[in-house]
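*Asks:* Have a peek at structure-v7.cif (mmCIF, C-alpha atoms and all ligand atoms).
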```cif
data_entry
#
loop_
_atom_site.group_PDB
_atom_site.id
_atom_site.type_symbol
_atom_site.label_atom_id
_atom_site.label_comp_id
_atom_site.auth_asym_id
_atom_site.auth_seq_id
_atom_site.Cartn_x
_atom_site.Cartn_y
_atom_site.Cartn_z
ATOM 1 C CA MET A 14 30.262 129.264 30.308
ATOM 2 C CA SER A 15 32.952 126.615 30.487
ATOM 3 C CA ILE A 16 33.598 124.518 33.532
ATOM 4 C CA PHE A 17 36.961 123.401 34.866
ATOM 5 C CA LEU A 18 37.993 120.200 36.610
ATOM 6 C CA GLY A 19 40.503 120.214 39.455
ATOM 7 C CA VAL A 20 41.643 116.681 40.296
ATOM 8 C CA ASN A 21 42.572 116.114 43.922
ATOM 9 C CA ILE A 22 45.436 113.597 44.118
ATOM 10 C CA ASP A 23 45.625 113.235 47.918
ATOM 11 C CA HIS A 24 44.638 109.595 47.792
ATOM 12 C CA ILE A 25 47.454 108.606 45.464
ATOM 13 C CA ALA A 26 49.629 109.746 48.369
ATOM 14 C CA THR A 27 47.413 107.845 50.839
ATOM 15 C CA LEU A 28 48.291 104.620 49.009
ATOM 16 C CA ARG A 29 51.986 105.455 49.053
ATOM 17 C CA GLN A 30 51.987 106.392 52.744
ATOM 18 C CA ALA A 31 50.193 103.137 53.655
ATOM 19 C CA ARG A 32 53.444 101.283 52.966
ATOM 20 C CA GLY A 33 55.997 104.062 53.178
ATOM 21 C CA THR A 34 57.094 103.262 49.597
ATOM 22 C CA LYS A 35 58.241 105.608 46.851
ATOM 23 C CA TYR A 36 55.360 104.507 44.617
ATOM 24 C CA PRO A 37 52.804 105.357 43.315
ATOM 25 C CA SER A 38 54.431 108.502 41.945
ATOM 26 C CA LEU A 39 52.447 111.654 42.536
ATOM 27 C CA ILE A 40 54.207 113.368 39.670
ATOM 28 C CA ASP A 41 53.252 110.602 37.201
ATOM 29 C CA ALA A 42 49.692 110.663 38.516
ATOM 30 C CA ALA A 43 49.377 114.436 38.229
ATOM 31 C CA LEU A 44 50.773 114.450 34.696
ATOM 32 C CA ILE A 45 48.333 111.717 33.634
ATOM 33 C CA CYS A 46 45.448 113.750 35.091
ATOM 34 C CA GLU A 47 46.637 116.875 33.290
ATOM 35 C CA ASN A 48 46.966 114.982 29.996
ATOM 36 C CA SER A 49 43.466 113.574 30.441
ATOM 37 C CA GLY A 50 41.560 116.807 30.948
ATOM 38 C CA ALA A 51 42.333 118.094 34.438
ATOM 39 C CA ASP A 52 42.553 121.876 34.430
ATOM 40 C CA SER A 53 44.345 121.972 37.762
ATOM 41 C CA ILE A 54 45.788 119.648 40.376
ATOM 42 C CA THR A 55 44.569 119.958 43.944
ATOM 43 C CA LEU A 56 46.412 118.668 46.990
ATOM 44 C CA HIS A 57 45.814 119.091 50.690
ATOM 45 C CA LEU A 58 48.893 119.390 52.864
ATOM 46 C CA ARG A 59 47.392 118.390 56.188
ATOM 47 C CA GLU A 60 48.880 119.320 59.511
ATOM 48 C CA ASP A 61 49.327 115.595 60.344
ATOM 49 C CA ARG A 62 50.910 114.895 56.892
ATOM 50 C CA ARG A 63 48.740 111.803 56.552
ATOM 51 C CA HIS A 64 48.978 111.787 52.754
ATOM 52 C CA ILE A 65 50.654 114.720 50.978
ATOM 53 C CA GLN A 66 54.192 115.505 52.247
ATOM 54 C CA ASP A 67 56.076 118.809 52.127
ATOM 55 C CA ASN A 68 58.372 117.518 49.373
ATOM 56 C CA ASP A 69 55.406 116.531 47.210
ATOM 57 C CA VAL A 70 54.245 120.133 47.177
ATOM 58 C CA ILE A 71 57.702 121.394 46.180
ATOM 59 C CA GLU A 72 58.271 118.742 43.483
ATOM 60 C CA LEU A 73 54.798 119.029 42.015
ATOM 61 C CA LYS A 74 55.050 122.785 41.791
ATOM 62 C CA SER A 75 58.048 122.451 39.484
ATOM 63 C CA ARG A 76 56.434 119.758 37.314
ATOM 64 C CA LEU A 77 52.784 120.702 36.896
ATOM 65 C CA THR A 78 51.810 122.086 33.521
ATOM 66 C CA THR A 79 48.412 123.423 34.606
ATOM 67 C CA LYS A 80 47.905 124.993 38.034
ATOM 68 C CA MET A 81 48.473 123.902 41.596
ATOM 69 C CA ASN A 82 45.574 124.418 43.989
ATOM 70 C CA LEU A 83 47.006 123.966 47.492
ATOM 71 C CA GLU A 84 44.424 123.197 50.157
ATOM 72 C CA MET A 85 45.552 124.049 53.655
ATOM 73 C CA ALA A 86 44.504 125.189 57.088
ATOM 74 C CA ALA A 87 44.908 128.881 57.924
ATOM 75 C CA THR A 88 47.938 128.337 60.158
ATOM 76 C CA ASP A 89 51.251 130.200 60.286
ATOM 77 C CA GLU A 90 53.091 127.003 59.323
ATOM 78 C CA MET A 91 51.003 126.587 56.157
ATOM 79 C CA LEU A 92 51.226 130.259 55.290
ATOM 80 C CA LYS A 93 55.000 129.987 55.374
ATOM 81 C CA ILE A 94 54.948 126.952 53.084
ATOM 82 C CA ALA A 95 52.553 128.643 50.640
ATOM 83 C CA SER A 96 54.688 131.755 50.493
ATOM 84 C CA ASN A 97 57.748 129.614 49.678
ATOM 85 C CA VAL A 98 56.095 127.323 47.125
ATOM 86 C CA LEU A 99 53.791 129.927 45.578
ATOM 87 C CA PRO A 100 50.957 127.756 44.270
ATOM 88 C CA GLU A 101 48.741 129.531 41.736
ATOM 89 C CA ASP A 102 45.670 128.878 43.897
ATOM 90 C CA CYS A 103 45.187 128.267 47.563
ATOM 91 C CA CYS A 104 42.009 126.989 49.214
ATOM 92 C CA LEU A 105 41.679 127.523 52.952
ATOM 93 C CA VAL A 106 39.906 124.643 54.668
ATOM 94 C CA PRO A 107 39.042 123.755 58.253
ATOM 95 C CA GLU A 108 41.039 120.893 59.709
ATOM 96 C CA LYS A 109 40.487 118.540 62.603
ATOM 97 C CA ARG A 110 43.092 115.893 63.387
ATOM 98 C CA GLN A 111 40.697 112.983 63.851
ATOM 99 C CA GLU A 112 38.443 113.586 60.840
ATOM 100 C CA LEU A 113 38.501 111.133 57.925
ATOM 101 C CA THR A 114 38.176 114.019 55.484
ATOM 102 C CA THR A 115 37.203 117.691 55.567
ATOM 103 C CA GLU A 116 33.853 117.504 57.330
ATOM 104 C CA GLY A 117 32.340 120.900 56.686
ATOM 105 C CA GLY A 118 33.051 124.394 55.532
ATOM 106 C CA LEU A 119 35.202 126.953 57.301
ATOM 107 C CA ASP A 120 33.489 129.112 59.885
ATOM 108 C CA VAL A 121 34.755 132.360 58.393
ATOM 109 C CA ALA A 122 32.089 134.458 60.119
ATOM 110 C CA SER A 123 33.467 133.726 63.585
ATOM 111 C CA GLN A 124 37.085 134.553 62.680
ATOM 112 C CA ILE A 125 36.915 137.352 60.140
ATOM 113 C CA VAL A 126 39.936 139.241 61.480
ATOM 114 C CA ARG A 127 42.240 136.214 61.260
ATOM 115 C CA MET A 128 40.858 135.101 57.901
ATOM 116 C CA LYS A 129 41.264 138.562 56.444
ATOM 117 C CA GLU A 130 44.870 138.621 57.627
ATOM 118 C CA VAL A 131 45.625 135.212 56.059
ATOM 119 C CA CYS A 132 43.860 136.050 52.775
ATOM 120 C CA THR A 133 45.696 139.373 52.527
ATOM 121 C CA GLN A 134 49.034 137.660 53.104
ATOM 122 C CA LEU A 135 48.323 135.046 50.412
ATOM 123 C CA SER A 136 47.140 137.596 47.882
ATOM 124 C CA SER A 137 50.201 139.753 48.539
ATOM 125 C CA ASN A 138 52.100 136.755 47.112
ATOM 126 C CA ASN A 139 49.815 136.742 44.048
ATOM 127 C CA ILE A 140 48.141 133.528 45.187
ATOM 128 C CA LYS A 141 44.477 133.352 44.195
ATOM 129 C CA THR A 142 42.777 132.475 47.444
ATOM 130 C CA SER A 143 39.488 130.717 48.027
ATOM 131 C CA LEU A 144 37.589 129.924 51.194
ATOM 132 C CA PHE A 145 35.922 126.513 51.478
ATOM 133 C CA ILE A 146 32.534 127.245 53.023
ATOM 134 C CA ASP A 147 29.070 125.775 53.357
ATOM 135 C CA ALA A 148 26.272 127.080 51.147
ATOM 136 C CA ASP A 149 25.375 129.669 53.759
ATOM 137 C CA LYS A 150 24.693 133.365 53.160
ATOM 138 C CA ARG A 151 26.329 134.357 56.456
ATOM 139 C CA GLN A 152 29.582 132.660 55.460
ATOM 140 C CA ILE A 153 29.451 134.185 51.972
ATOM 141 C CA ASP A 154 29.062 137.647 53.506
ATOM 142 C CA ALA A 155 32.042 136.913 55.747
ATOM 143 C CA ALA A 156 34.095 135.734 52.746
ATOM 144 C CA ALA A 157 33.200 138.966 50.955
ATOM 145 C CA GLU A 158 34.400 140.892 53.991
ATOM 146 C CA CYS A 159 37.728 139.070 53.780
ATOM 147 C CA GLY A 160 38.048 140.291 50.200
ATOM 148 C CA VAL A 161 38.624 136.857 48.648
ATOM 149 C CA PRO A 162 38.052 136.545 44.901
ATOM 150 C CA ILE A 163 36.785 132.949 45.143
ATOM 151 C CA ILE A 164 34.761 130.691 47.420
ATOM 152 C CA GLU A 165 34.527 126.932 47.143
ATOM 153 C CA ILE A 166 31.104 125.681 48.150
ATOM 154 C CA HIS A 167 31.157 122.477 50.188
ATOM 155 C CA THR A 168 29.021 119.916 48.343
ATOM 156 C CA GLY A 169 29.444 117.182 50.975
ATOM 157 C CA HIS A 170 25.994 117.668 52.511
ATOM 158 C CA TYR A 171 24.441 117.294 49.055
ATOM 159 C CA ALA A 172 26.556 114.193 48.345
ATOM 160 C CA ASP A 173 25.631 112.623 51.702
ATOM 161 C CA ALA A 174 21.894 113.359 51.445
ATOM 162 C CA ALA A 175 19.879 110.347 52.592
ATOM 163 C CA SER A 176 16.824 110.950 50.405
ATOM 164 C CA LYS A 177 15.853 112.534 47.107
ATOM 165 C CA ALA A 178 14.049 115.325 48.933
ATOM 166 C CA GLU A 179 17.112 116.094 51.056
ATOM 167 C CA SER A 180 19.357 115.996 48.013
ATOM 168 C CA GLU A 181 17.075 118.449 46.177
ATOM 169 C CA LEU A 182 17.054 120.753 49.177
ATOM 170 C CA GLU A 183 20.854 120.720 49.413
ATOM 171 C CA LEU A 184 21.146 121.329 45.685
ATOM 172 C CA LYS A 185 18.832 124.330 45.977
ATOM 173 C CA ARG A 186 20.984 125.630 48.852
ATOM 174 C CA ILE A 187 24.063 125.330 46.647
ATOM 175 C CA SER A 188 22.462 127.045 43.687
ATOM 176 C CA ASP A 189 21.063 129.898 45.857
ATOM 177 C CA ALA A 190 24.501 130.341 47.425
ATOM 178 C CA CYS A 191 26.120 130.472 43.975
ATOM 179 C CA GLU A 192 23.664 133.121 42.834
ATOM 180 C CA TYR A 193 24.283 135.207 45.952
ATOM 181 C CA ALA A 194 28.082 134.957 45.748
ATOM 182 C CA VAL A 195 28.082 135.906 42.078
ATOM 183 C CA SER A 196 25.894 138.932 42.896
ATOM 184 C CA LEU A 197 28.712 140.024 45.241
ATOM 185 C CA GLY A 198 31.286 139.576 42.493
ATOM 186 C CA ILE A 199 32.797 136.401 43.956
ATOM 187 C CA GLN A 200 33.796 133.449 41.753
ATOM 188 C CA VAL A 201 32.277 130.143 42.823
ATOM 189 C CA ASN A 202 34.020 126.769 42.785
ATOM 190 C CA ALA A 203 32.586 123.690 44.465
ATOM 191 C CA GLY A 204 33.571 120.245 45.591
ATOM 192 C CA HIS A 205 33.563 117.346 48.032
ATOM 193 C CA GLY A 206 31.917 113.968 47.703
ATOM 194 C CA LEU A 207 31.229 114.357 43.991
ATOM 195 C CA THR A 208 30.999 111.181 41.883
ATOM 196 C CA LEU A 209 29.954 110.153 38.384
ATOM 197 C CA LEU A 210 26.442 109.659 39.782
ATOM 198 C CA ASN A 211 25.843 112.974 41.555
ATOM 199 C CA THR A 212 27.983 115.526 39.716
ATOM 200 C CA THR A 213 25.743 116.364 36.744
ATOM 201 C CA ALA A 214 23.199 118.297 38.827
ATOM 202 C CA VAL A 215 25.956 120.411 40.397
ATOM 203 C CA ALA A 216 27.806 120.958 37.126
ATOM 204 C CA LYS A 217 24.560 122.234 35.600
ATOM 205 C CA ILE A 218 24.685 125.265 37.901
ATOM 206 C CA GLU A 219 25.989 127.693 35.299
ATOM 207 C CA SER A 220 27.776 130.018 37.702
ATOM 208 C CA ILE A 221 30.118 127.322 39.036
ATOM 209 C CA VAL A 222 33.531 127.803 37.461
ATOM 210 C CA GLU A 223 35.480 124.826 38.803
ATOM 211 C CA LEU A 224 34.744 121.518 40.513
ATOM 212 C CA ASN A 225 37.397 119.882 42.664
ATOM 213 C CA ILE A 226 37.011 116.121 42.731
ATOM 214 C CA GLY A 227 39.326 113.537 44.271
ATOM 215 C CA HIS A 228 38.228 110.397 46.056
ATOM 216 C CA SER A 229 35.770 109.137 43.430
ATOM 217 C CA ILE A 230 38.191 109.679 40.535
ATOM 218 C CA ILE A 231 41.081 107.927 42.289
ATOM 219 C CA SER A 232 38.772 105.065 43.316
ATOM 220 C CA ARG A 233 37.412 104.687 39.795
ATOM 221 C CA ALA A 234 40.998 104.650 38.498
ATOM 222 C CA LEU A 235 41.440 101.217 40.126
ATOM 223 C CA PHE A 236 39.065 99.790 37.541
ATOM 224 C CA VAL A 237 39.522 101.920 34.438
ATOM 225 C CA GLY A 238 42.898 103.611 34.944
ATOM 226 C CA LEU A 239 43.605 107.173 35.996
ATOM 227 C CA ALA A 240 43.526 108.612 32.472
ATOM 228 C CA ASN A 241 40.068 107.174 31.791
ATOM 229 C CA ALA A 242 38.735 108.104 35.234
ATOM 230 C CA THR A 243 39.834 111.705 34.707
ATOM 231 C CA SER A 244 38.616 112.025 31.128
ATOM 232 C CA GLU A 245 35.258 110.429 31.988
ATOM 233 C CA MET A 246 34.677 113.027 34.701
ATOM 234 C CA LYS A 247 35.791 115.879 32.482
ATOM 235 C CA ALA A 248 33.432 114.677 29.735
ATOM 236 C CA LEU A 249 30.590 114.525 32.256
ATOM 237 C CA LEU A 250 31.239 118.136 33.319
ATOM 238 C CA LEU A 251 31.259 119.345 29.746
ATOM 239 C CA GLU A 252 28.145 117.336 28.849
ATOM 240 C CA SER A 253 26.308 118.758 31.868
ATOM 241 C CA ARG A 254 26.931 122.242 30.542
ATOM 242 C CA ALA A 255 25.901 121.310 27.007
ATOM 243 C CA ILE A 256 22.427 120.101 28.115
HETATM 244 N N1 LIG B 301 37.459 120.466 47.891
HETATM 245 C C1 LIG B 301 37.974 120.544 49.133
HETATM 246 C C2 LIG B 301 38.127 121.904 49.741
HETATM 247 C C3 LIG B 301 38.384 119.398 49.843
HETATM 248 O O1 LIG B 301 38.878 119.517 51.094
HETATM 249 C C4 LIG B 301 38.293 118.151 49.207
HETATM 250 C C5 LIG B 301 38.793 116.921 49.910
HETATM 251 O O2 LIG B 301 40.137 117.038 50.190
HETATM 252 C C6 LIG B 301 37.762 118.102 47.900
HETATM 253 C C7 LIG B 301 37.334 119.271 47.279
HETATM 254 C C8 LIG B 301 37.638 116.820 47.163
HETATM 255 O O3 LIG B 301 36.732 115.984 47.826
HETATM 256 P P1 LIG B 301 36.555 114.492 47.378
HETATM 257 O O4 LIG B 301 37.853 113.805 47.613
HETATM 258 O O5 LIG B 301 35.445 113.985 48.234
HETATM 259 O O6 LIG B 301 36.208 114.509 45.907
#
```
Please lay out the structure from this file as structure tokens.
*Replies:*
Amino acid sequence: MSIFLGVNIDHIATLRQARGTKYPSLIDAALICENSGADSITLHLREDRRHIQDNDVIELKSRLTTKMNLEMAATDEMLKIASNVLPEDCCLVPEKRQELTTEGGLDVASQIVRMKEVCTQLSSNNIKTSLFIDADKRQIDAAAECGVPIIEIHTGHYADAASKAESELELKRISDACEYAVSLGIQVNAGHGLTLLNTTAVAKIESIVELNIGHSIISRALFVGLANATSEMKALLLESRAI
């Protein structure tokens, strides 16, 4: 089965916001990623607007040639924006103001009623919705109850593993979760903390359809350029599947 790469461009906006300049252009960056193998462009409109701004979402939507995957918290404000912009995909994530990045998966199980309501509203706008959750059977069951077609498994614990044994354990958790979700008819995407060094093992999990990768690609772009950083990662995904 093929595997798709979603490139998260949040940190192009981080660089721009650091100086309040008009550059670097998110549109140029997204188009370079798309021309270099990205199958979709992911962006997270955070409540504190620390990187992506409302206008970025609107402008990108009219310029992307692949798909927009809008990451957002399950708030009324974000729901309103999504229903105006109509991204092809929407990934619901947990959000805490002080965190450096998304720290863990959504606790869907403890808020099924609300999550179901949000997912239903998004899908009524033809937006393919995914829930970003940990590799946890309880959360997968809750996602199934919400009726979402897709989950995105949080790979951050795998990426942060302090030892080989821990990394293997986390990888097994991810692959068991993928198997379980697929048995329920749910598509599995994954992402967070993935780099050129740790992605192969995840990409080898046949049931994963899409990997969303941001920080490592944008960082690598400083040395090799954004086109090369994107195409290198895409090649790695495809090679992982070919093995
Ligand atoms: N997937 C989700 C749901 C995320 O929140 C993020 C980070 O914004 C990513 C993937 C990409 O993570 P990273 O930037 O560590 O590659």
*Asks:* Can you tell me which residues come within 6 Å of ligand LIG 301 (chain B) when counting only C-alpha atoms and all ligand atoms, ideally as a ChimeraX atom specification?
*Replies:* /A:21,106,115,145,204-207,225-229
*Asks:* Store the residues of this selection in a file with C-alpha atoms, as a short mmCIF file (atom, residue, chain, number, x, y, z; two decimals), keeping the file's coordinate frame.
*Replies:*
```cif
data_model
loop_
_atom_site.label_atom_id
_atom_site.label_comp_id
_atom_site.auth_asym_id
_atom_site.auth_seq_id
_atom_site.Cartn_x
_atom_site.Cartn_y
_atom_site.Cartn_z
CA ASN A 21 42.57 116.11 43.92
CA VAL A 106 39.91 124.64 54.67
CA THR A 115 37.20 117.69 55.57
CA PHE A 145 35.92 126.51 51.48
CA GLY A 204 33.57 120.24 45.59
CA HIS A 205 33.56 117.35 48.03
CA GLY A 206 31.92 113.97 47.70
CA LEU A 207 31.23 114.36 43.99
CA ASN A 225 37.40 119.88 42.66
CA ILE A 226 37.01 116.12 42.73
CA GLY A 227 39.33 113.54 44.27
CA HIS A 228 38.23 110.40 46.06
CA SER A 229 35.77 109.14 43.43
#
```
*Asks:* For the interface of region 109-216 of chain A with region 85-98 of chain A (cut-off 12 Å, counting only C-alpha atoms), please tabulate each contacting residue of region 109-216 of chain A alongside its nearest pair of atoms and their separation in Å to one decimal, rows sorted by chain and increasing number, as CSV.
*Replies:*
```
residue,atom,partner,partner_atom,distance
A:Lys109,CA,A:Ala86,CA,9.5
A:Arg110,CA,A:Ala86,CA,11.3
A:Thr115,CA,A:Ala86,CA,10.6
A:Gly118,CA,A:Ala86,CA,11.6
A:Leu119,CA,A:Ala86,CA,9.5
A:Asp120,CA,A:Ala87,CA,11.6
A:Val121,CA,A:Ala87,CA,10.7
A:Gln124,CA,A:Ala87,CA,10.8
A:Ile125,CA,A:Ala87,CA,11.9
A:Arg127,CA,A:Ala87,CA,8.5
A:Met128,CA,A:Ala87,CA,7.4
A:Lys129,CA,A:Ala87,CA,10.4
A:Glu130,CA,A:Ala87,CA,9.7
A:Val131,CA,A:Ala87,CA,6.6
A:Cys132,CA,A:Ala87,CA,8.9
A:Thr133,CA,A:Leu92,CA,11.0
A:Gln134,CA,A:Leu92,CA,8.0
A:Leu135,CA,A:Ser96,CA,7.2
A:Ser136,CA,A:Ser96,CA,9.9
A:Ser137,CA,A:Ser96,CA,9.4
A:Asn138,CA,A:Ser96,CA,6.6
A:Asn139,CA,A:Ser96,CA,9.5
A:Ile140,CA,A:Ala95,CA,8.5
A:Lys141,CA,A:Ala95,CA,11.4
A:Thr142,CA,A:Met85,CA,10.8
A:Ser143,CA,A:Met85,CA,10.6
A:Leu144,CA,A:Ala87,CA,10.0
A:Phe145,CA,A:Met85,CA,10.2
```
*Asks:* To one decimal in Å, tell me the separation between CA of Cys191 (chain A) and CA of Ala203 (chain A).
*Replies:*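 Distance reported for this atom pair: 9.4 Å.
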*Asks:* Identify which of the residues A:Cys104, A:Ile45, A:Leu224, A:Leu251 lies closest to Gly238 (chain A), counting all atoms listed in the file when measuring atom-to-atom distances.
*Replies:*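 Among A:Cys104, A:Ile45, A:Leu224, A:Leu251, it is A:Ile45 that comes nearest to Gly238 (chain A).
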*Asks:* Between A:Asp189, A:Ala51, A:Ile65, A:His167, which is the closest to Ile25 (chain A) once you count all atoms listed in the file?
*Replies:*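 Selected residue with least distance to Ile25 (chain A): A:Ile65.
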*Asks:* Could you tell me which of A:Ala175, A:Leu105, A:Ala148, A:Ala242 comes closest to Val161 (chain A) if we count only C-alpha atoms?
*Replies:* A:Leu105
*Asks:* Please check which residues have atoms at most 12 Å from (53.6, 116.9, 45.0) in the file's coordinates, counting only C-alpha atoms, and write them as a PDB file with C-alpha atoms, in the coordinates of the input.
*Replies:*
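New file part22.pdb:
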```pdb
ATOM      1  CA  ASN A  21      42.572 116.114  43.922  1.00  0.00           C
ATOM      2  CA  ILE A  22      45.436 113.597  44.118  1.00  0.00           C
ATOM      3  CA  ASP A  23      45.625 113.235  47.918  1.00  0.00           C
ATOM      4  CA  HIS A  24      44.638 109.595  47.792  1.00  0.00           C
ATOM      5  CA  ILE A  25      47.454 108.606  45.464  1.00  0.00           C
ATOM      6  CA  ALA A  26      49.629 109.746  48.369  1.00  0.00           C
ATOM      7  CA  PRO A  37      52.804 105.357  43.315  1.00  0.00           C
ATOM      8  CA  SER A  38      54.431 108.502  41.945  1.00  0.00           C
ATOM      9  CA  LEU A  39      52.447 111.654  42.536  1.00  0.00           C
ATOM     10  CA  ILE A  40      54.207 113.368  39.670  1.00  0.00           C
ATOM     11  CA  ASP A  41      53.252 110.602  37.201  1.00  0.00           C
ATOM     12  CA  ALA A  42      49.692 110.663  38.516  1.00  0.00           C
ATOM     13  CA  ALA A  43      49.377 114.436  38.229  1.00  0.00           C
ATOM     14  CA  LEU A  44      50.773 114.450  34.696  1.00  0.00           C
ATOM     15  CA  ILE A  54      45.788 119.648  40.376  1.00  0.00           C
ATOM     16  CA  THR A  55      44.569 119.958  43.944  1.00  0.00           C
ATOM     17  CA  LEU A  56      46.412 118.668  46.990  1.00  0.00           C
ATOM     18  CA  HIS A  57      45.814 119.091  50.690  1.00  0.00           C
ATOM     19  CA  LEU A  58      48.893 119.390  52.864  1.00  0.00           C
ATOM     20  CA  HIS A  64      48.978 111.787  52.754  1.00  0.00           C
ATOM     21  CA  ILE A  65      50.654 114.720  50.978  1.00  0.00           C
ATOM     22  CA  GLN A  66      54.192 115.505  52.247  1.00  0.00           C
ATOM     23  CA  ASP A  67      56.076 118.809  52.127  1.00  0.00           C
ATOM     24  CA  ASN A  68      58.372 117.518  49.373  1.00  0.00           C
ATOM     25  CA  ASP A  69      55.406 116.531  47.210  1.00  0.00           C
ATOM     26  CA  VAL A  70      54.245 120.133  47.177  1.00  0.00           C
ATOM     27  CA  ILE A  71      57.702 121.394  46.180  1.00  0.00           C
ATOM     28  CA  GLU A  72      58.271 118.742  43.483  1.00  0.00           C
ATOM     29  CA  LEU A  73      54.798 119.029  42.015  1.00  0.00           C
ATOM     30  CA  LYS A  74      55.050 122.785  41.791  1.00  0.00           C
ATOM     31  CA  SER A  75      58.048 122.451  39.484  1.00  0.00           C
ATOM     32  CA  ARG A  76      56.434 119.758  37.314  1.00  0.00           C
ATOM     33  CA  LEU A  77      52.784 120.702  36.896  1.00  0.00           C
ATOM     34  CA  MET A  81      48.473 123.902  41.596  1.00  0.00           C
ATOM     35  CA  ASN A  82      45.574 124.418  43.989  1.00  0.00           C
ATOM     36  CA  LEU A  83      47.006 123.966  47.492  1.00  0.00           C
ATOM     37  CA  VAL A  98      56.095 127.323  47.125  1.00  0.00           C
ATOM     38  CA  PRO A 100      50.957 127.756  44.270  1.00  0.00           C
TER      39      PRO A 100
END
```
*Asks:* Going by the chain IDs and residue numbers used in this file, which residues fall under the PyMOL selection byres (((chain A and resi 246) around 9) and not hetatm)? Write them as JSON, numbers by chain.
*Replies:* {"A": [18, 50, 208, 209, 212, 226, 230, 241, 242, 243, 244, 245, 247, 248, 249, 250, 251]}
*Asks:* Hey, which of A:Leu239, A:Ala31, A:Val222, A:Leu113 ends up closest to Gly19 (chain A)? Count all atoms listed in the file.
*Replies:*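 Of A:Leu239, A:Ala31, A:Val222, A:Leu113, the one nearest Gly19 (chain A), counting all atoms listed in the file, is A:Val222.
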*Asks:* Interatomic distance between CA of Arg63 (chain A) and CA of Ala122 (chain A)?
*Replies:*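 One can read the CA of Arg63 (chain A) to CA of Ala122 (chain A) distance as 28.3 Å.
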*Asks:* So what do you get for CA of Ile199 (chain A) versus CA of Ser53 (chain A), distance-wise?
*Replies:* 19.5 Å
*Asks:* For Tyr171 (chain A), which of A:Asn202, A:Asn211, A:Ser196, A:Gln152 is the closest residue, counting only C-alpha atoms?
*Replies:* A:Asn211
*Asks:* Identify which of the residues A:Gln200, A:Thr27, A:Thr168, A:Ser253 lies closest to Ile153 (chain A), counting only C-alpha atoms when measuring atom-to-atom distances.
*Replies:*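 For Ile153 (chain A), the nearest of the given residues is A:Gln200.
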*Asks:* Convert the output of the PyMOL selection byres (((chain A and resi 254) around 9) and not hetatm) on the shown file into explicit residues, formatted as a PyMOL selection string.
*Replies:* chain A and resi 14-16+213+216-219+249-253+255-256
*Asks:* Selecting N, CA, C and O atoms, how would region 56-66 of chain A from this structure be written as a short mmCIF file (atom, residue, chain, number, x, y, z; two decimals), in the first residue's frame?
*Replies:*
```
data_model
loop_
_atom_site.label_atom_id
_atom_site.label_comp_id
_atom_site.auth_asym_id
_atom_site.auth_seq_id
_atom_site.Cartn_x
_atom_site.Cartn_y
_atom_site.Cartn_z
N LEU A 56 -1.25 22.44 8.79
CA LEU A 56 -0.98 23.64 9.58
C LEU A 56 -1.88 23.65 10.80
O LEU A 56 -3.01 23.17 10.74
N HIS A 57 -1.33 24.15 11.88
CA HIS A 57 -2.05 24.16 13.16
C HIS A 57 -2.37 25.60 13.52
O HIS A 57 -1.47 26.37 13.85
N LEU A 58 -3.63 25.95 13.44
CA LEU A 58 -4.05 27.29 13.87
C LEU A 58 -4.29 27.22 15.38
O LEU A 58 -5.32 26.72 15.83
N ARG A 59 -3.30 27.67 16.13
CA ARG A 59 -3.42 27.58 17.59
C ARG A 59 -4.24 28.73 18.13
O ARG A 59 -4.27 29.83 17.56
N GLU A 60 -4.83 28.47 19.28
CA GLU A 60 -5.65 29.48 19.94
C GLU A 60 -4.84 30.76 20.20
O GLU A 60 -5.36 31.87 20.07
N ASP A 61 -3.55 30.61 20.53
CA ASP A 61 -2.72 31.80 20.83
C ASP A 61 -2.08 32.41 19.57
O ASP A 61 -1.37 33.40 19.67
N ARG A 62 -2.36 31.81 18.41
CA ARG A 62 -1.84 32.31 17.10
C ARG A 62 -0.32 32.50 17.16
O ARG A 62 0.20 33.47 16.61
N ARG A 63 0.39 31.58 17.79
CA ARG A 63 1.83 31.79 17.93
C ARG A 63 2.58 31.62 16.61
O ARG A 63 3.67 32.15 16.45
N HIS A 64 2.03 30.85 15.69
CA HIS A 64 2.70 30.75 14.37
C HIS A 64 1.71 31.01 13.22
O HIS A 64 1.73 32.06 12.62
N ILE A 65 0.86 30.06 12.92
CA ILE A 65 -0.10 30.24 11.83
C ILE A 65 -1.15 31.30 12.22
O ILE A 65 -1.65 31.29 13.35
N GLN A 66 -1.47 32.19 11.28
CA GLN A 66 -2.48 33.24 11.50
C GLN A 66 -3.73 32.92 10.68
O GLN A 66 -3.66 32.16 9.71
#
```
